[in-house]
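What follows is a short report on a single structure.
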Amino acid sequence: MAPNALITGWGMYAPSRIMTNEDLTKLVDTSDEWIVSRTGIRERRIAADDETTTSLSVRCATDALAVAGLDPMELDLVIVATCSPDYPLPATSVTVATALGATRAAGFDLQAACSGFLYGIATGSSFISSGMYRNVLVIGVEVLSRFINWSDRNTCVLFGDGAGAVLLQASDQPGGLLGFNLFSDGTGYEGIIVPAGGSVCPASPQTSADAKHFIQMAGREVYKYATRQMADSAVDALRNAGLTVDDVDQFVFHQANLRIIENVQKQLEIPAEKLFVNIEKYGNTSAASVPMALVEAVAAGRVKPGDKVLMVAFGAGYTAGAAVVEWTADPNRAFLAPGEQTRLGQPRRSTAEPALAR
Ligand code: UT7
């Protein structure tokens, strides 16, 4: 029988620098009232000048390995889902693996925007169920603050930096990934885009002067598509797992906008106590948003062994992804507080803030 890919380790990292809505009013014409009522975001984390996509990845990955008690040398593969890599070339996964001491591991980056972590879970699990690899680290990470036009109020109030990781390990025990959906539709490629720096519009002094290396977004169109597609992807992943919405114990959605989350919650008729939300603290951290929310949901005691967890995301492309997993690990192995680091092999008690009560 094909091995199952169980989540045996998890970790998150949020930079310590907090940028509040009030701080943003000094940069653009906006208000705390507008941002909170339209998005649910109150603050976001911004990487320090010496932090990078690799350094954030290493922080959360170190915790994930410590929770599982796995030596980095045992890693077979490191997948880094990001749209804000250290460099266009080479892949961030390679520097992450080296920094971790994962000298045996293969590594590649995965670009599916905000849906990247879900694509990573599906890809990593496939490597395990095929028998090719036994230990796969999947990281969702963004330093989006470096790709934001801080004078564009349509985008700068939305995004934040952060990282989350899970370790997938082969096991004969039941559990792990039960079903998934991966979706893409390139007709909407201009909906969220960094227009320059690629083959269509190479970097030049003019593209720099025109601020074309930053994220541009057609918010309203994206909003409409996201609410429809997230619900569709969720339902399809559940169908593939032979489950229904009622079978799910905890829903962990991409934290892009509280109104999108609540819209999908309504469509799927999800009770509030089953829906984890932390957007108020971190904003939209793209590929990092689902793993960060998952780790905080576990820390908040929302996930226990045997629970079915449905993760869903939507992003630029457009892309979407959903994965339903059966949780098998003891959540007490690690309660992680943002910004703290676990010493290898020494899981510790919680200092994490409880999630927003909903
Ligand atoms: O990660 C996945 C990808 N991203 C998303 O899922 C984002 C999806 N879209 C959204 O979340 C929402 O569309 C936004 C939060 C981006 C915008 O909310 P909205 O209710 O769709 O507002 P809007 O874009 O239709 O703008 C309404 C008004 C406009 O003014 P006028 O034209 O009505 O006078 C905007 O110029 O709000 C204005 N506005 C702002 N006002 C204050 C836009 N941004 C701001 C701002 N502060 N930061």
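Identifiers in this document derive from the order of the structure tokens: chains are assigned A, B, ..., residues are numbered from 1 separately in each chain, and ligands are numbered from 1 in order of occurrence.
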
Kindly compile the residues surrounding ligand 1 within 8 Å, counting only C-alpha atoms and all ligand atoms, and format them as a short mmCIF file (atom, residue, chain, number, x, y, z; two decimals) with N, CA, C and O atoms, in the first residue's frame.
```
data_model
loop_
_atom_site.label_atom_id
_atom_site.label_comp_id
_atom_site.auth_asym_id
_atom_site.auth_seq_id
_atom_site.Cartn_x
_atom_site.Cartn_y
_atom_site.Cartn_z
N VAL A 28 -0.20 56.97 3.11
CA VAL A 28 -1.21 57.13 2.04
C VAL A 28 -2.51 57.67 2.64
O VAL A 28 -2.70 57.66 3.86
N ASP A 29 -3.40 58.08 1.73
CA ASP A 29 -4.69 58.63 2.16
C ASP A 29 -5.63 57.46 2.49
O ASP A 29 -6.33 56.93 1.62
N THR A 30 -5.60 57.03 3.74
CA THR A 30 -6.44 55.92 4.18
C THR A 30 -6.80 56.14 5.64
O THR A 30 -6.42 57.14 6.24
N SER A 31 -7.54 55.18 6.21
CA SER A 31 -7.92 55.30 7.62
C SER A 31 -8.05 53.91 8.22
O SER A 31 -8.31 52.93 7.51
N TRP A 34 -11.46 52.53 7.35
CA TRP A 34 -11.61 51.96 6.00
C TRP A 34 -10.96 50.57 5.95
O TRP A 34 -11.57 49.61 5.47
N ILE A 35 -9.76 50.47 6.47
CA ILE A 35 -9.04 49.19 6.34
C ILE A 35 -9.75 48.09 7.14
O ILE A 35 -9.96 46.98 6.63
N ARG A 38 -13.22 47.21 5.48
CA ARG A 38 -13.15 46.57 4.16
C ARG A 38 -12.37 45.26 4.16
O ARG A 38 -12.53 44.45 3.26
N THR A 39 -11.48 45.09 5.15
CA THR A 39 -10.59 43.92 5.07
C THR A 39 -10.48 43.11 6.37
O THR A 39 -10.08 41.96 6.34
N ALA A 113 1.45 31.83 -6.30
CA ALA A 113 1.00 33.00 -5.53
C ALA A 113 0.42 32.54 -4.18
O ALA A 113 1.00 31.69 -3.53
N CYS A 114 -0.72 33.11 -3.80
CA CYS A 114 -1.27 32.82 -2.46
C CYS A 114 -1.66 31.36 -2.30
O CYS A 114 -1.80 30.87 -1.18
N ARG A 153 -2.39 53.05 -2.27
CA ARG A 153 -3.27 52.63 -1.17
C ARG A 153 -4.13 51.41 -1.50
O ARG A 153 -4.68 50.77 -0.63
N ASN A 154 -4.26 51.12 -2.81
CA ASN A 154 -5.04 49.94 -3.21
C ASN A 154 -4.38 48.63 -2.77
O ASN A 154 -5.05 47.61 -2.65
N THR A 155 -3.08 48.66 -2.59
CA THR A 155 -2.37 47.42 -2.25
C THR A 155 -1.61 47.48 -0.92
O THR A 155 -1.54 46.50 -0.19
N CYS A 156 -1.03 48.64 -0.59
CA CYS A 156 -0.08 48.66 0.54
C CYS A 156 -0.74 48.38 1.88
O CYS A 156 -0.05 47.98 2.82
N VAL A 157 -2.05 48.56 1.97
CA VAL A 157 -2.71 48.31 3.26
C VAL A 157 -3.00 46.82 3.47
O VAL A 157 -3.39 46.42 4.56
N LEU A 158 -2.83 46.03 2.42
CA LEU A 158 -3.33 44.65 2.48
C LEU A 158 -2.29 43.62 2.92
O LEU A 158 -2.63 42.65 3.59
N ILE A 192 -3.84 40.37 -10.56
CA ILE A 192 -2.80 40.70 -9.57
C ILE A 192 -1.49 40.42 -10.29
O ILE A 192 -1.24 39.27 -10.69
N MET A 217 -3.01 45.54 -8.43
CA MET A 217 -4.18 44.65 -8.25
C MET A 217 -5.48 45.34 -8.64
O MET A 217 -5.69 46.51 -8.31
N ALA A 218 -6.34 44.59 -9.31
CA ALA A 218 -7.70 45.04 -9.60
C ALA A 218 -8.60 44.41 -8.54
O ALA A 218 -9.19 43.35 -8.75
N GLY A 219 -8.64 45.06 -7.38
CA GLY A 219 -9.24 44.47 -6.17
C GLY A 219 -10.63 43.90 -6.34
O GLY A 219 -10.91 42.78 -5.93
N ARG A 220 -11.51 44.68 -6.95
CA ARG A 220 -12.91 44.26 -7.00
C ARG A 220 -13.09 42.98 -7.82
O ARG A 220 -13.82 42.08 -7.43
N GLU A 221 -12.41 42.93 -9.00
CA GLU A 221 -12.52 41.71 -9.83
C GLU A 221 -11.96 40.50 -9.09
O GLU A 221 -12.55 39.41 -9.11
N VAL A 222 -10.82 40.71 -8.43
CA VAL A 222 -10.20 39.61 -7.68
C VAL A 222 -11.15 39.12 -6.59
O VAL A 222 -11.33 37.92 -6.38
N TYR A 223 -11.76 40.05 -5.92
CA TYR A 223 -12.69 39.74 -4.83
C TYR A 223 -13.80 38.81 -5.31
O TYR A 223 -14.09 37.78 -4.69
N LYS A 224 -14.41 39.19 -6.43
CA LYS A 224 -15.54 38.39 -6.95
C LYS A 224 -15.10 36.97 -7.29
O LYS A 224 -15.76 35.99 -6.95
N ALA A 226 -12.46 35.36 -6.21
CA ALA A 226 -11.97 34.63 -5.04
C ALA A 226 -13.13 33.99 -4.28
O ALA A 226 -13.05 32.82 -3.88
N HIS A 254 -7.21 30.96 3.38
CA HIS A 254 -6.27 32.04 3.07
C HIS A 254 -6.80 33.34 3.66
O HIS A 254 -7.97 33.69 3.46
N GLN A 255 -5.93 34.05 4.38
CA GLN A 255 -6.35 35.28 5.07
C GLN A 255 -6.09 36.48 4.16
O GLN A 255 -5.12 37.21 4.34
N ALA A 256 -6.96 36.67 3.16
CA ALA A 256 -6.79 37.79 2.23
C ALA A 256 -7.67 38.96 2.62
O ALA A 256 -7.28 40.12 2.48
N ASN A 257 -8.87 38.64 3.06
CA ASN A 257 -9.85 39.67 3.39
C ASN A 257 -10.94 39.00 4.24
O ASN A 257 -11.49 37.97 3.83
N ARG A 259 -13.89 39.80 4.66
CA ARG A 259 -15.19 39.72 3.95
C ARG A 259 -15.21 38.53 3.00
O ARG A 259 -16.25 37.89 2.83
N ILE A 260 -14.08 38.21 2.38
CA ILE A 260 -14.02 37.03 1.51
C ILE A 260 -14.21 35.77 2.37
O ILE A 260 -14.98 34.87 2.03
N ASN A 284 -2.59 40.07 4.64
CA ASN A 284 -2.47 39.02 3.63
C ASN A 284 -0.99 38.68 3.43
O ASN A 284 -0.25 39.48 2.86
N THR A 285 -0.58 37.50 3.91
CA THR A 285 0.82 37.09 3.75
C THR A 285 0.97 36.07 2.62
O THR A 285 1.92 35.29 2.61
N SER A 286 0.03 36.09 1.68
CA SER A 286 0.10 35.28 0.46
C SER A 286 0.39 33.81 0.78
O SER A 286 -0.34 33.20 1.57
N ALA A 313 -7.11 28.19 -0.46
CA ALA A 313 -6.49 29.48 -0.81
C ALA A 313 -6.82 29.86 -2.24
O ALA A 313 -7.18 29.02 -3.07
N PHE A 314 -6.66 31.15 -2.51
CA PHE A 314 -6.90 31.71 -3.84
C PHE A 314 -5.86 32.79 -4.09
O PHE A 314 -5.47 33.49 -3.16
N GLY A 315 -5.38 32.90 -5.32
CA GLY A 315 -4.37 33.94 -5.54
C GLY A 315 -4.18 34.32 -6.98
O GLY A 315 -4.95 33.94 -7.88
N ALA A 316 -3.12 35.09 -7.20
CA ALA A 316 -2.79 35.62 -8.52
C ALA A 316 -2.66 34.48 -9.53
O ALA A 316 -2.29 33.36 -9.19
#
```

What residues in stretch 107-311 of chain A get the DSSP label alpha helix (DSSP H)? Please answer as JSON, numbers by chain.
{"A": [116, 117, 118, 119, 120, 121, 122, 123, 124, 125, 126, 127, 128, 129, 153, 154, 155, 156, 205, 206, 207, 208, 209, 219, 220, 221, 222, 223, 224, 225, 226, 227, 228, 229, 230, 231, 232, 233, 234, 235, 236, 237, 238, 239, 240, 241, 258, 259, 260, 261, 262, 263, 264, 265, 266, 267, 268, 279, 280, 281, 282, 289, 290, 291, 292, 293, 294, 295, 296, 297, 298, 299]}

Backbone DSSP call of strand (DSSP E or B) for stretch 201-350 of chain A, listed as a PyMOL selection string
chain A and resi 216-217+250-253+275-276+284+308-315+319-326

Contacts of A:Ala329 at 9 Å or less, counting only C-alpha atoms, minus same-chain residues fewer than 4 places along, as a list of chain:residue names?
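Here the answer would be A:Leu6, A:Ile7, A:Thr8, A:Gly9, A:Lys304, A:Pro305, A:Gly306, A:Arg333.
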
Create the file for the chosen residues now, containing C-alpha atoms and written as a PDB file, in the first residue's frame.
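selection.pdb, freshly written:
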```pdb
ATOM      1  CA  LEU A   6       1.437  12.749   7.668  1.00  0.00           C
ATOM      2  CA  ILE A   7       2.062  16.235   9.048  1.00  0.00           C
ATOM      3  CA  THR A   8       4.527  15.528  11.854  1.00  0.00           C
ATOM      4  CA  GLY A   9       6.086  18.977  12.329  1.00  0.00           C
ATOM      5  CA  LYS A 304      -6.527  17.511  17.718  1.00  0.00           C
ATOM      6  CA  PRO A 305      -5.600  14.026  16.469  1.00  0.00           C
ATOM      7  CA  GLY A 306      -8.308  12.567  14.250  1.00  0.00           C
ATOM      8  CA  ARG A 333       4.453  18.802  20.916  1.00  0.00           C
TER       9      ARG A 333
END
```

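Checking A:Pro3, A:Gly179, A:Gly162, A:Gly186 one by one against A:Ser129, counting only C-alpha atoms, you find the shortest gap at A:Pro3.
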
With only C-alpha atoms as the atoms that count, which of A:Gln250, A:Asn240, A:Thr98, A:Thr207 lies nearest to A:Leu178?
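The answer is A:Asn240, which sits nearest to A:Leu178.
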
Within 9 Å of A:Gly160 using only C-alpha atoms, minus same-chain residues under 4 positions, as an mmCIF file with C-alpha atoms, in the first residue's frame:
```
data_model
loop_
_atom_site.group_PDB
_atom_site.id
_atom_site.type_symbol
_atom_site.label_atom_id
_atom_site.label_comp_id
_atom_site.auth_asym_id
_atom_site.auth_seq_id
_atom_site.Cartn_x
_atom_site.Cartn_y
_atom_site.Cartn_z
ATOM 1 C CA MET A 19 2.989 48.161 11.139
ATOM 2 C CA GLU A 43 -1.819 45.376 11.644
ATOM 3 C CA ARG A 44 0.788 43.434 9.671
ATOM 4 C CA ARG A 45 4.406 42.363 10.214
ATOM 5 C CA ILE A 46 7.249 43.828 8.165
ATOM 6 C CA ALA A 47 10.610 42.082 7.811
ATOM 7 C CA GLU A 142 6.702 35.907 1.748
ATOM 8 C CA VAL A 143 8.623 39.132 2.154
ATOM 9 C CA LEU A 144 6.018 41.038 0.173
ATOM 10 C CA SER A 145 6.982 44.350 1.782
ATOM 11 C CA CYS A 156 -0.078 48.660 0.537
ATOM 12 C CA TYR A 282 -0.873 39.685 9.875
ATOM 13 C CA GLY A 283 -2.852 40.953 6.857
ATOM 14 C CA ASN A 284 -2.474 39.018 3.626
ATOM 15 C CA THR A 285 0.823 37.088 3.753
ATOM 16 C CA SER A 286 0.102 35.281 0.459
#
```

Selection near A:Gly124, 12 Å with only C-alpha atoms, sequence-local residues under 2 positions removed, as a ChimeraX atom specification:
/A:4-7,75-81,106-108,110,116-122,126-139,166-170,176-177

Show me a table, sorted first by chain and then by increasing residue number, of the residues of stretch 94-208 of chain A having an atom at most 8 Å from stretch 56-73 of chain A, each with its shortest atom pair and the distance in Å to one decimal, counting only C-alpha atoms and written as a tab-separated table.
```
residue	atom	partner	partner_atom	distance
A:Val96	CA	A:Val58	CA	6.1
A:Ala99	CA	A:Val58	CA	7.0
A:Leu100	CA	A:Pro72	CA	6.4
A:Gly101	CA	A:Pro72	CA	5.8
A:Ala102	CA	A:Pro72	CA	4.7
A:Thr103	CA	A:Met73	CA	6.0
A:Arg104	CA	A:Met73	CA	6.1
A:Ala105	CA	A:Met73	CA	7.6
A:Leu137	CA	A:Ala61	CA	7.6
A:Ile139	CA	A:Ser57	CA	6.7
A:Gly140	CA	A:Ser57	CA	7.9
A:Val141	CA	A:Ser57	CA	6.3
A:Gly162	CA	A:Leu56	CA	6.9
A:Ala163	CA	A:Leu56	CA	5.9
A:Gly164	CA	A:Cys60	CA	5.6
A:Ala165	CA	A:Ala61	CA	5.7
A:Val166	CA	A:Ala64	CA	6.0
A:Leu167	CA	A:Ala64	CA	6.2
```

Please compute the atom CA of A:Val235-atom CA of A:Trp10 distance, one decimal, in Å.
25.5 Å

Please report the interatomic distance between atom CA of A:Leu182 and atom CA of A:Asp330 in Å with one decimal.
28.3 Å
